[in-house]
Amino acid sequence: MKRESGLNMNVLWVTAIALAALVILQLGRGGSAPFEQQALAEMVANVGDYSIMTTDGGNEELLFVLDNRNEQLLVYKVDQQRVMVLLAREELDGVFAAARSKLGGR
């Protein structure tokens, strides 16, 4: 029984060391801080008063449209690879006012 218990402890130690090594490798991967997310803009274009950017939204492509004339940010997704659906429309002056109030009016 004691020999079997010692074998189980050795297996546990080897497993713990292997897991620790894998965690260290994952944290060191990519050269960036752990859990840091990167913004990946695939394509950005400016046309007149509009700036548009596509990006990968996980399971779908997202299209961000910055309307400089009306000071709005519009976010669209492609639904079933056929139809563009408006996800959000934000008034930029409201967004910046909310950000300023969160920072104490700075």
# chains A, B, ... in the order shown; residues from 1 in each chain; ligands from 1

$ residues_around --residues "Val65 (chain A)" --least-positions-apart "5" --cutoff "7 Å" --atoms "only C-alpha atoms" --output "ChimeraX atom specification"
/A:50-53,73-75

$ atom_distance --atom1 "CA of Asn46 (chain A)" --atom2 "CA of Phe64 (chain A)"
11.8 Å

$ residues_around --residues "Asn59 (chain A)" --least-positions-apart "3" --cutoff "12 Å" --atoms "only C-alpha atoms" --output "PyMOL selection string"
chain A and resi 55-56+62+77-81

$ write_last_selection --atoms "C-alpha atoms" --output "PDB file, in the first residue's frame"
ATOM      1  CA  THR A  55     -12.637  43.618 -37.999  1.00  0.00           C
ATOM      2  CA  ASP A  56     -13.155  40.057 -36.855  1.00  0.00           C
ATOM      3  CA  LEU A  62     -17.979  43.671 -37.942  1.00  0.00           C
ATOM      4  CA  LYS A  77     -22.534  42.883 -38.468  1.00  0.00           C
ATOM      5  CA  VAL A  78     -22.955  40.613 -41.463  1.00  0.00           C
ATOM      6  CA  ASP A  79     -25.908  38.303 -40.805  1.00  0.00           C
ATOM      7  CA  GLN A  80     -25.620  34.871 -42.460  1.00  0.00           C
ATOM      8  CA  GLN A  81     -23.144  36.316 -44.984  1.00  0.00           C
TER       9      GLN A  81
END

$ select_by_dssp --residues "region 45-91 of chain A" --states "strand (DSSP E)" --output "ChimeraX atom specification"
/A:45-47,50-56,61-67,72-79,83-91

$ residues_around --residues "Arg89 (chain A)" --least-positions-apart "2" --cutoff "12 Å" --atoms "only C-alpha atoms" --output "short mmCIF file (atom, residue, chain, number, x, y, z; two decimals) with C-alpha atoms, in the first residue's frame"
data_model
loop_
_atom_site.label_atom_id
_atom_site.label_comp_id
_atom_site.auth_asym_id
_atom_site.auth_seq_id
_atom_site.Cartn_x
_atom_site.Cartn_y
_atom_site.Cartn_z
CA PHE A 64 -17.46 50.20 -37.94
CA VAL A 65 -18.52 53.41 -39.70
CA LEU A 66 -17.43 56.77 -38.31
CA ASP A 67 -19.68 59.50 -39.72
CA ASN A 70 -23.17 63.73 -38.18
CA GLU A 71 -20.68 62.80 -35.43
CA GLN A 72 -21.91 59.23 -35.11
CA LEU A 73 -20.34 55.79 -34.76
CA LEU A 74 -22.31 52.97 -36.38
CA VAL A 75 -21.53 49.28 -35.89
CA TYR A 76 -22.84 46.67 -38.31
CA VAL A 85 -27.55 44.43 -39.53
CA LEU A 86 -27.09 47.61 -37.49
CA LEU A 87 -25.87 46.61 -34.02
CA GLU A 91 -23.69 59.90 -30.84
CA LEU A 92 -20.03 60.81 -30.36
CA GLY A 94 -22.65 61.81 -25.83
CA VAL A 95 -19.90 59.20 -25.71
#

$ closest_residue --among "A:Leu63, A:Leu12, A:Ala21, A:Glu90" --to "Ala45 (chain A)" --atoms "only C-alpha atoms"
A:Leu63

$ atom_distance --atom1 "CA of Glu61 (chain A)" --atom2 "CA of Met43 (chain A)"
11.5 Å

$ atom_distance --atom1 "CA of Arg69 (chain A)" --atom2 "CA of Ala99 (chain A)"
21.1 Å
